[in-house]
Every structure is written in C-alpha cells, then in structure tokens.
$ cat structure.tsv   # TSV, C-alpha atoms
chain	number	residue	atom	x	y	z
A	1	MET	CA	-185.00	48.47	-39.98
A	2	ILE	CA	-184.23	45.49	-42.15
A	3	MET	CA	-180.48	45.82	-41.38
A	4	ILE	CA	-181.25	45.88	-37.64
A	5	GLU	CA	-183.16	42.63	-37.94
A	6	THR	CA	-180.24	40.97	-39.76
A	7	LEU	CA	-177.81	42.10	-37.07
A	8	LEU	CA	-180.13	40.83	-34.34
A	9	TRP	CA	-180.09	37.38	-35.95
A	10	LEU	CA	-176.34	37.28	-36.56
A	11	VAL	CA	-175.15	38.81	-33.30
A	12	GLY	CA	-177.76	36.79	-31.38
A	13	TYR	CA	-176.53	33.50	-32.82
A	14	GLN	CA	-172.91	34.44	-32.26
A	15	LEU	CA	-173.71	35.27	-28.65
A	16	ALA	CA	-175.56	31.96	-28.24
A	17	GLY	CA	-172.53	30.21	-29.76
A	18	GLU	CA	-170.15	31.97	-27.35
A	19	LEU	CA	-172.33	31.10	-24.35
A	20	ILE	CA	-172.59	27.41	-25.24
A	21	SER	CA	-168.92	27.17	-26.23
A	22	ARG	CA	-167.75	28.68	-22.93
A	23	SER	CA	-170.25	26.91	-20.66
A	24	PHE	CA	-169.21	23.49	-21.99
A	25	SER	CA	-165.54	24.44	-22.76
A	26	LEU	CA	-165.97	23.24	-26.35
A	27	PRO	CA	-163.01	23.46	-28.76
A	28	LEU	CA	-165.25	25.46	-31.16
A	29	PRO	CA	-165.20	29.27	-31.19
A	30	GLY	CA	-168.57	30.99	-30.67
A	31	PRO	CA	-168.99	32.23	-34.26
A	32	VAL	CA	-168.46	28.76	-35.80
A	33	LEU	CA	-170.93	27.22	-33.35
A	34	GLY	CA	-173.30	30.12	-34.09
A	35	MET	CA	-173.06	29.32	-37.80
A	36	LEU	CA	-173.98	25.67	-37.21
A	37	LEU	CA	-176.86	26.67	-34.89
A	38	LEU	CA	-178.24	29.19	-37.40
A	39	PHE	CA	-177.97	26.58	-40.16
A	40	CYS	CA	-180.02	24.11	-38.06
A	41	THR	CA	-182.60	26.83	-37.33
A	42	LEU	CA	-182.97	27.69	-41.03
A	43	ALA	CA	-183.29	24.01	-41.89
A	44	ALA	CA	-185.97	23.58	-39.20
A	45	ARG	CA	-188.04	26.61	-40.26
A	46	LYS	CA	-187.43	25.71	-43.94
A	47	SER	CA	-186.87	29.31	-45.07
A	48	VAL	CA	-184.54	32.30	-44.69
A	49	PRO	CA	-186.09	35.45	-43.12
A	50	ASP	CA	-186.52	38.23	-45.71
A	51	SER	CA	-184.13	40.61	-43.96
A	52	MET	CA	-181.28	38.08	-44.12
A	53	LYS	CA	-182.13	37.07	-47.67
A	54	LEU	CA	-181.51	40.67	-48.67
A	55	ASN	CA	-178.60	41.68	-46.43
A	56	VAL	CA	-176.45	38.59	-45.94
A	57	PRO	CA	-175.22	38.35	-49.57
A	58	ARG	CA	-174.34	42.08	-49.46
A	59	PHE	CA	-172.49	41.66	-46.17
A	60	LEU	CA	-170.59	38.55	-47.31
A	61	SER	CA	-169.53	40.17	-50.59
A	62	HIS	CA	-167.21	42.32	-48.43
A	63	LEU	CA	-165.82	39.48	-46.31
A	64	SER	CA	-162.27	40.33	-47.50
A	65	LEU	CA	-162.42	43.70	-45.71
A	66	LEU	CA	-162.66	41.99	-42.33
A	67	PHE	CA	-159.30	40.19	-42.69
A	68	ILE	CA	-157.24	43.32	-43.43
A	69	PRO	CA	-156.65	44.32	-39.76
A	70	ALA	CA	-155.34	40.81	-38.93
A	71	GLY	CA	-152.91	41.02	-41.85
A	72	ALA	CA	-151.39	44.16	-40.37
A	73	ALA	CA	-150.17	42.05	-37.43
A	74	VAL	CA	-147.21	41.11	-39.66
A	75	LEU	CA	-145.88	44.52	-38.60
A	76	ALA	CA	-145.80	43.52	-34.93
A	77	TYR	CA	-144.31	40.06	-35.50
A	78	ARG	CA	-141.95	40.73	-38.39
A	79	ASP	CA	-138.81	39.99	-36.32
A	80	LEU	CA	-140.23	36.70	-35.12
A	81	LEU	CA	-141.10	35.74	-38.71
A	82	ALA	CA	-137.81	36.97	-40.18
A	83	GLY	CA	-135.93	34.82	-37.65
A	84	PHE	CA	-137.02	31.62	-39.43
A	85	GLY	CA	-136.72	33.09	-42.92
A	86	TRP	CA	-137.23	31.13	-46.08
A	87	GLN	CA	-137.97	27.78	-44.44
A	88	LEU	CA	-141.25	29.15	-43.11
A	89	LEU	CA	-142.33	30.46	-46.48
A	90	VAL	CA	-141.59	27.06	-48.05
A	91	VAL	CA	-143.56	25.24	-45.35
A	92	LEU	CA	-146.58	27.53	-45.60
A	93	ALA	CA	-146.67	27.54	-49.41
A	94	ALA	CA	-146.15	23.77	-49.77
A	95	SER	CA	-148.55	22.79	-47.01
A	96	THR	CA	-151.28	25.15	-48.25
A	97	THR	CA	-150.92	23.78	-51.80
A	98	LEU	CA	-151.02	20.14	-50.67
A	99	THR	CA	-154.01	20.76	-48.41
A	100	LEU	CA	-155.87	22.29	-51.36
A	101	LEU	CA	-154.93	19.56	-53.80
A	102	LEU	CA	-155.23	16.27	-51.91
A	103	PRO	CA	-158.68	16.86	-50.35
A	104	GLY	CA	-159.84	18.39	-53.65
A	105	LEU	CA	-158.81	15.29	-55.60
A	106	LEU	CA	-160.31	12.97	-52.98
A	107	LEU	CA	-163.67	14.78	-53.05
A	108	LYS	CA	-163.72	14.76	-56.86
A	109	LEU	CA	-163.12	11.01	-56.82
A	110	LEU	CA	-165.70	10.32	-54.10
A	111	LEU	CA	-168.35	12.43	-55.83
A	112	ALA	CA	-167.78	10.65	-59.13
A	113	ARG	CA	-168.20	7.23	-57.44
A	114	HIS	CA	-171.21	8.49	-55.49
A	115	ARG	CA	-172.96	9.70	-58.65
A	116	HIS	CA	-172.12	6.48	-60.39
A	117	LYS	CA	-173.76	4.51	-57.58
A	118	GLU	CA	-176.87	6.70	-57.59
A	119	GLU	CA	-177.30	6.23	-61.31
A	120	ALA	CA	-176.77	2.48	-61.13
B	121	MET	CA	-153.70	75.18	-34.93
B	122	ASN	CA	-151.10	72.67	-33.87
B	123	PRO	CA	-149.95	70.41	-36.73
B	124	MET	CA	-148.32	67.94	-34.33
B	125	ALA	CA	-151.67	67.44	-32.60
B	126	ALA	CA	-153.26	66.65	-35.97
B	127	VAL	CA	-150.60	64.02	-36.70
B	128	GLU	CA	-151.13	62.54	-33.24
B	129	VAL	CA	-154.87	62.22	-33.86
B	130	MET	CA	-154.25	60.46	-37.17
B	131	ARG	CA	-151.89	58.04	-35.44
B	132	THR	CA	-153.83	57.20	-32.32
B	133	SER	CA	-157.52	57.91	-32.82
B	134	PRO	CA	-159.61	54.74	-33.29
B	135	LEU	CA	-161.49	56.59	-36.03
B	136	SER	CA	-158.40	56.88	-38.20
B	137	GLY	CA	-157.81	53.12	-37.82
B	138	VAL	CA	-161.32	52.44	-39.12
B	139	PHE	CA	-160.97	54.99	-41.92
B	140	VAL	CA	-157.58	53.74	-43.12
B	141	THR	CA	-158.82	50.13	-43.16
B	142	LEU	CA	-161.91	51.04	-45.21
B	143	LEU	CA	-159.83	53.15	-47.57
B	144	ALA	CA	-157.19	50.42	-48.06
B	145	TYR	CA	-159.99	47.95	-48.86
B	146	LYS	CA	-161.76	50.33	-51.26
B	147	LEU	CA	-158.53	51.01	-53.16
B	148	ALA	CA	-157.72	47.28	-53.21
B	149	VAL	CA	-161.16	46.49	-54.70
B	150	LEU	CA	-160.73	49.19	-57.38
B	151	PHE	CA	-157.28	47.82	-58.19
B	152	ASN	CA	-158.69	44.27	-58.37
B	153	ARG	CA	-161.33	45.43	-60.88
B	154	ARG	CA	-158.72	47.31	-62.88
B	155	CYS	CA	-156.72	44.06	-63.12
B	156	LYS	CA	-159.92	42.23	-64.18
B	157	GLY	CA	-159.84	40.11	-61.03
B	158	HIS	CA	-156.30	38.74	-61.57
B	159	PRO	CA	-155.53	36.37	-58.63
B	160	LEU	CA	-152.47	38.39	-57.63
B	161	SER	CA	-154.63	41.50	-57.20
B	162	ASN	CA	-156.47	39.74	-54.33
B	163	PRO	CA	-158.18	42.41	-52.18
B	164	VAL	CA	-156.87	41.01	-48.87
B	165	LEU	CA	-153.30	40.91	-50.17
B	166	ILE	CA	-153.39	44.40	-51.72
B	167	GLY	CA	-155.39	45.86	-48.81
B	168	VAL	CA	-152.88	44.54	-46.26
B	169	LEU	CA	-149.92	45.83	-48.30
B	170	LEU	CA	-151.49	49.30	-48.59
B	171	LEU	CA	-152.25	49.35	-44.89
B	172	LEU	CA	-148.71	48.23	-43.95
B	173	GLY	CA	-147.34	50.97	-46.22
B	174	TRP	CA	-149.43	53.57	-44.42
B	175	LEU	CA	-148.49	52.32	-40.93
B	176	LEU	CA	-144.77	52.30	-41.78
B	177	ALA	CA	-144.93	55.73	-43.47
B	178	THR	CA	-146.64	57.31	-40.44
B	179	SER	CA	-144.67	55.17	-37.93
B	180	THR	CA	-147.93	54.02	-36.35
B	181	SER	CA	-147.55	50.96	-34.15
B	182	TYR	CA	-149.76	47.90	-34.67
B	183	ARG	CA	-151.19	48.47	-31.19
B	184	ASP	CA	-152.25	52.03	-31.92
B	185	TYR	CA	-153.71	51.02	-35.27
B	186	MET	CA	-155.72	48.19	-33.70
B	187	LYS	CA	-157.67	50.61	-31.47
B	188	GLY	CA	-159.67	51.24	-34.63
B	189	GLY	CA	-158.78	48.08	-36.58
B	190	VAL	CA	-160.45	45.95	-33.94
B	191	MET	CA	-163.83	47.54	-34.75
B	192	VAL	CA	-163.61	46.22	-38.31
B	193	GLN	CA	-162.23	42.88	-37.14
B	194	MET	CA	-165.12	42.49	-34.68
B	195	LEU	CA	-167.53	42.01	-37.60
B	196	LEU	CA	-165.79	38.70	-38.43
B	197	GLY	CA	-167.95	36.96	-35.81
B	198	PRO	CA	-171.34	37.92	-37.29
B	199	ALA	CA	-169.93	37.32	-40.80
B	200	THR	CA	-168.99	33.75	-39.85
B	201	VAL	CA	-172.51	33.17	-38.51
B	202	ALA	CA	-173.91	34.62	-41.76
B	203	LEU	CA	-172.21	31.81	-43.74
B	204	ALA	CA	-175.13	29.63	-42.58
B	205	VAL	CA	-177.42	31.42	-45.06
B	206	PRO	CA	-175.67	30.48	-48.34
B	207	LEU	CA	-175.04	27.04	-46.87
B	208	TYR	CA	-178.77	26.59	-46.29
B	209	GLY	CA	-179.30	27.70	-49.90
B	210	ASN	CA	-177.24	24.63	-50.92
B	211	LEU	CA	-179.07	22.25	-48.60
B	212	SER	CA	-180.06	19.74	-51.29
B	213	ARG	CA	-176.51	19.50	-52.69
B	214	LEU	CA	-175.19	19.24	-49.16
B	215	LYS	CA	-177.56	16.37	-48.31
B	216	ARG	CA	-176.68	14.44	-51.46
B	217	ALA	CA	-172.94	14.74	-50.86
B	218	ALA	CA	-172.86	14.50	-47.06
B	219	GLY	CA	-170.81	11.27	-46.95
B	220	PRO	CA	-168.07	12.29	-49.40
B	221	LEU	CA	-167.87	15.73	-47.74
B	222	ALA	CA	-167.42	14.27	-44.26
B	223	ILE	CA	-164.65	11.90	-45.41
B	224	THR	CA	-162.91	14.69	-47.34
B	225	ILE	CA	-162.94	17.11	-44.42
B	226	LEU	CA	-161.59	14.49	-41.98
B	227	PHE	CA	-158.83	13.58	-44.43
B	228	GLY	CA	-158.16	17.27	-45.19
B	229	GLY	CA	-157.76	18.10	-41.51
B	230	LEU	CA	-155.11	15.41	-41.22
B	231	VAL	CA	-153.31	16.54	-44.40
B	232	GLY	CA	-153.31	20.13	-43.11
B	233	ILE	CA	-151.56	19.16	-39.88
B	234	VAL	CA	-149.18	16.50	-41.20
B	235	SER	CA	-148.04	18.44	-44.28
B	236	ALA	CA	-147.16	21.57	-42.31
B	237	VAL	CA	-145.39	19.76	-39.48
B	238	GLY	CA	-143.74	17.19	-41.78
B	239	ILE	CA	-142.21	19.72	-44.16
B	240	GLY	CA	-141.20	21.93	-41.23
B	241	TRP	CA	-139.52	18.94	-39.59
B	242	LEU	CA	-137.60	18.12	-42.80
B	243	LEU	CA	-136.40	21.74	-42.89
B	244	GLN	CA	-135.27	21.38	-39.26
B	245	LEU	CA	-137.45	24.07	-37.75
B	246	PRO	CA	-137.40	24.18	-33.93
B	247	GLN	CA	-140.01	22.21	-31.99
B	248	GLN	CA	-141.98	25.24	-30.78
B	249	VAL	CA	-142.35	26.46	-34.36
B	250	LEU	CA	-143.51	22.98	-35.44
B	251	LEU	CA	-146.14	23.03	-32.70
B	252	SER	CA	-147.26	26.48	-33.88
B	253	LEU	CA	-147.55	25.11	-37.43
B	254	THR	CA	-150.06	22.39	-36.47
B	255	THR	CA	-152.98	24.83	-36.75
B	256	ARG	CA	-151.89	26.53	-39.98
B	257	ALA	CA	-155.03	25.59	-41.91
B	258	VAL	CA	-157.78	26.69	-39.50
B	259	THR	CA	-159.49	29.93	-38.64
B	260	THR	CA	-157.50	32.24	-36.31
B	261	PRO	CA	-159.43	31.89	-33.00
B	262	ILE	CA	-159.23	28.06	-33.14
B	263	ALA	CA	-155.59	28.19	-34.25
B	264	MET	CA	-154.52	30.43	-31.38
B	265	SER	CA	-156.24	28.51	-28.60
B	266	VAL	CA	-155.26	25.05	-29.87
B	267	SER	CA	-151.65	26.12	-30.48
B	268	GLN	CA	-151.38	27.52	-26.97
B	269	GLY	CA	-152.85	24.32	-25.56
B	270	VAL	CA	-150.10	22.14	-27.07
B	271	GLY	CA	-147.19	24.48	-26.29
B	272	GLY	CA	-146.95	26.52	-29.50
B	273	ILE	CA	-146.75	30.32	-29.75
B	274	PRO	CA	-150.30	31.64	-30.40
B	275	GLU	CA	-149.20	34.86	-32.16
B	276	LEU	CA	-146.91	32.89	-34.47
B	277	SER	CA	-149.79	30.52	-35.24
B	278	ALA	CA	-152.03	33.47	-36.11
B	279	MET	CA	-149.41	34.76	-38.55
B	280	PHE	CA	-149.10	31.32	-40.17
B	281	VAL	CA	-152.87	31.21	-40.58
B	282	ILE	CA	-153.06	34.62	-42.22
B	283	LEU	CA	-150.07	34.14	-44.54
B	284	SER	CA	-151.33	30.72	-45.71
B	285	GLY	CA	-154.84	32.11	-46.14
B	286	ILE	CA	-153.58	34.84	-48.47
B	287	PHE	CA	-151.36	32.40	-50.36
B	288	GLY	CA	-154.21	29.90	-50.75
B	289	ALA	CA	-156.63	32.61	-51.89
B	290	VAL	CA	-154.18	33.72	-54.58
B	291	ILE	CA	-153.34	30.28	-55.99
B	292	VAL	CA	-156.57	28.29	-55.68
B	293	LYS	CA	-158.26	29.40	-58.88
B	294	PRO	CA	-155.23	29.09	-61.24
B	295	LEU	CA	-154.26	25.77	-59.62
B	296	PHE	CA	-157.71	24.19	-59.94
B	297	SER	CA	-158.25	25.53	-63.47
B	298	LEU	CA	-154.92	24.04	-64.49
B	299	LEU	CA	-156.00	20.63	-63.20
B	300	GLY	CA	-159.51	20.88	-64.64
B	301	MET	CA	-161.17	20.78	-61.23
B	302	GLY	CA	-163.86	23.37	-61.89
B	303	ASP	CA	-166.72	22.01	-59.74
B	304	ASP	CA	-167.90	24.67	-57.25
B	305	MET	CA	-168.37	22.20	-54.42
B	306	VAL	CA	-164.87	20.71	-54.83
B	307	LEU	CA	-163.23	24.14	-55.19
B	308	GLY	CA	-165.08	25.54	-52.19
B	309	THR	CA	-164.51	22.58	-49.88
B	310	ALA	CA	-160.78	22.36	-50.63
B	311	THR	CA	-160.41	26.11	-50.11
B	312	GLY	CA	-162.23	26.05	-46.77
B	313	ILE	CA	-160.03	23.18	-45.55
B	314	SER	CA	-156.73	24.76	-46.59
B	315	ALA	CA	-157.26	28.52	-46.56
B	316	HIS	CA	-160.12	29.08	-44.01
B	317	GLY	CA	-161.84	32.49	-44.05
B	318	ILE	CA	-159.50	34.38	-46.37
B	319	GLY	CA	-159.90	31.63	-48.96
B	320	THR	CA	-163.66	31.62	-48.33
B	321	ALA	CA	-163.81	35.37	-49.05
B	322	ARG	CA	-161.94	34.70	-52.31
B	323	VAL	CA	-164.18	31.90	-53.59
B	324	PHE	CA	-167.32	33.89	-52.74
B	325	GLN	CA	-166.24	36.19	-55.58
B	326	LEU	CA	-166.29	33.16	-57.89
B	327	SER	CA	-169.63	31.66	-56.83
B	328	GLU	CA	-171.99	31.62	-53.89
B	329	THR	CA	-172.03	27.81	-53.88
B	330	ALA	CA	-168.23	27.63	-53.65
B	331	GLY	CA	-168.37	30.19	-50.82
B	332	ALA	CA	-171.03	28.23	-48.95
B	333	PHE	CA	-169.05	24.98	-49.04
B	334	ALA	CA	-165.84	26.82	-48.14
B	335	GLY	CA	-167.56	28.20	-45.05
B	336	LEU	CA	-168.81	24.76	-44.03
B	337	ALA	CA	-165.42	23.11	-44.63
B	338	MET	CA	-163.66	25.87	-42.69
B	339	GLY	CA	-165.91	25.35	-39.67
B	340	LEU	CA	-165.78	21.54	-39.68
B	341	ASN	CA	-162.03	21.42	-40.34
B	342	GLY	CA	-161.71	23.67	-37.31
B	343	VAL	CA	-163.45	21.00	-35.23
B	344	VAL	CA	-161.36	18.16	-36.73
B	345	THR	CA	-158.11	20.05	-36.15
B	346	ALA	CA	-159.04	21.06	-32.61
B	347	ILE	CA	-159.59	17.37	-31.81
B	348	LEU	CA	-156.61	15.90	-33.75
B	349	VAL	CA	-153.83	18.33	-32.78
B	350	PRO	CA	-153.89	17.62	-29.01
B	351	LEU	CA	-153.85	13.87	-29.85
B	352	LEU	CA	-150.94	14.11	-32.31
B	353	ALA	CA	-148.82	16.78	-30.60
B	354	PRO	CA	-147.22	14.37	-28.04
B	355	LEU	CA	-145.50	12.67	-31.02
B	356	LEU	CA	-143.37	15.81	-31.36
B	357	HIS	CA	-142.16	15.79	-27.78

$ encode --input "structure.tsv" --output "structure tokens"
Amino acid sequence: MIMIETLLWLVGYQLAGELISRSFSLPLPGPVLGMLLLFCTLAARKSVPDSMKLNVPRFLSHLSLLFIPAGAAVLAYRDLLAGFGWQLLVVLAASTTLTLLLPGLLLKLLLARHRHKEEA
Amino acid sequence: MNPMAAVEVMRTSPLSGVFVTLLAYKLAVLFNRRCKGHPLSNPVLIGVLLLLGWLLATSTSYRDYMKGGVMVQMLLGPATVALAVPLYGNLSRLKRAAGPLAITILFGGLVGIVSAVGIGWLLQLPQQVLLSLTTRAVTTPIAMSVSQGVGGIPELSAMFVILSGIFGAVIVKPLFSLLGMGDDMVLGTATGISAHGIGTARVFQLSETAGAFAGLAMGLNGVVTAILVPLLAPLLH
C-alpha cells in the first residue's frame, strides 16, 4: 500500500504540473513544474510523508534505468549524426566540459565569499 | 511450434522491450560494481551499448523496441517529481546558498548555450545544426520543444542532449577531483546545469545532496534556457 501512496503523490503532482503548464502555455514541462510544486508543498507542511521517505530514495537509486530507452534512439538517427561527424563530438564534449567547469568554479567562488561575509 | 513466430514476438512485443531494457540495466549495474564504480562503466553508457547491441543483432527497429521502451521511459516524469524529496532534505543548505545558486544557474544557462553554439560556429556547422545545439544542456522535453520553436531539428536536439548527458556523467567526477572541487553542492549544481538528468542519476550514486542540487539545477536551467534561447536565436539568422 505504501508504494501506491508514493505513486499517487508523484503521478498526482506530475499531472498537476502538466495541467498548469498546458493551461498557461509555460515553457516548463509538467514533471519539472510538478517537482517545484511538490517541493513547495513539502516546505509548507514541514515534513515528508512516510511512504515517500521510504520509497523515493529506492526509486531514485535506479534513475539511470529510465534513460536507457532514450539512448537507443541513436539507432534511429545514426545517419543524421554521422553526417556531421567529428565536429559534433568535439562540440558536445567541449561544451559539456565548459558548462561543468565554469559554473562550478563560479559557485565555489561565490560560496567562499558568502561564508566569509557570514562569519564577518 | 513455429520458431519464426517466436522471433517475431521477441522483436515486436512490448513485453520484450521492457524485459530487454531491464536486463541491459541489470547487467550494466553488475558490470559497474565489478569495475568498482569506474566512471567509464557508467550504467547508462553500458546499458545503452548493450541494448544497441541487442537491437542490431536481432535487427529490431527503434520503433518496434519503443513499444515496450516507452513504458520504462514513462517513469521519468514521476522520477523528476520525486527529486523534490531529497531537495527538501537539503532545505537549510538551499536557503543559505540561495543567492550564489541563482547567480550560478543563470550564468550556467548562458554558458551552456553560448559554448555549444560558439564552438559549433567555429567548426562551421550549418545553421540548423547550430540552432539544434542551443538546448544541448537541458532535459529532453524542454530541449525538443525549444529547439523546434527556434527552427532547429527536435530529434537532433534530443540526441545532443543524451550524448552530452552521458559524456558529462562519465567525466564529472574525475574532472572535479582533479581540480579539488569536492563539495557536494558545487558538484551537483554544475552537473545539473551541464548534464541534466543523466548527470543527476550519476551524482546520486556519489551523494544524495549532490543529487538533490543536480535535480534543482537541471530544472531551473531548463527554465533559464527556455527563456534565453528564443531571445538569442535571432542572432544566428
């Protein structure tokens, strides 16, 4: 029963997210809006329901599984990808690395200054 | 008994799509443990390779596979919502660092767009590919709709998202260890900005805090990118 309750929460909030996103033509997909809504709800009620406390960590520990079908799409689009060859791989690798590094360094710097200010 | 009928069932039944996906994942996780969690043995990377091997060996089309694959993929929605729970668990850290986080995610969204398009432009990729690259760093549903809106190719954008996600998931830990950037919040936020959900799944294995901030950064960078790309895209025309 505890799993059912968790699914009711998660699917319910996703559905609410989809409804709001479509009704107001927001640029956010339903699940992301659902995440923000659930976060606000948890913050308002100041606790996580027992069923989710138990099941959500288990569910999220297998998050990788859910991306495997999307990866198989390479099969359908391999010609399209092969057409642009090595340039694409360079772009994706370099851009992913830069987008990890620069924001990471900025946050490290900002947090250090922030802590410094709090201590002062 | 008709052996051809059995082969046909394996190729086209939704059940076999579900089974093969679960099996590929299970084997990938075992392999990952065997390699003591080496970044290159990433479960998404290995799982996708195993699955592609199976589809090619049985000459199953992506369309036939997805009759079952879609049932696994459907759980991505509830899983994204579930990221709110670990995020709530980090509420006090989140509150203390709200300012720096907001600035970092705004900046990161811009870096994600400009780096992909800029490097692609230097390498003389065609305009439609550049437009499809704008959404490289965000989660697939946002990437596809935003890319279509500015004249990119949605399917190509989805591929860029997935390939960068896998690449980011593989390199993030070695890269950040090398630079001595071990803080869970920094690691998680950077991963969510650059490598969306696939990166988030990776850093969850490292720590729940890193996973929580990755999930938040992924969602907010999605918003930032969805707003910035339509504003910046006219520059490419």

$ atom_distance --input "structure.tsv" --atom1 "CA of Leu230 in chain B" --atom2 "CA of Leu203 in chain B"
23.8 Å

$ atom_distance --input "structure.tsv" --atom1 "CA of Ala73 in chain A" --atom2 "CA of Tyr182 in chain B"
6.5 Å

$ axis_aligned_box --input "structure.tsv" --around "range 181-199 of chain B" --padding-each-side "4 Å" --output "JSON"
{"center_x": -159.4, "center_y": 44.5, "center_z": -36.0, "size_x": 31.8, "size_y": 23.1, "size_z": 17.6}

$ closest_residue --input "structure.tsv" --among "A:Ile2, A:Gly83, A:Ala72, A:Glu18" --to "chain B" --atoms "all atoms listed in the file"
A:Ala72

$ atom_distance --input "structure.tsv" --atom1 "CA of Ile318 in chain B" --atom2 "CA of His62 in chain A"
11.3 Å
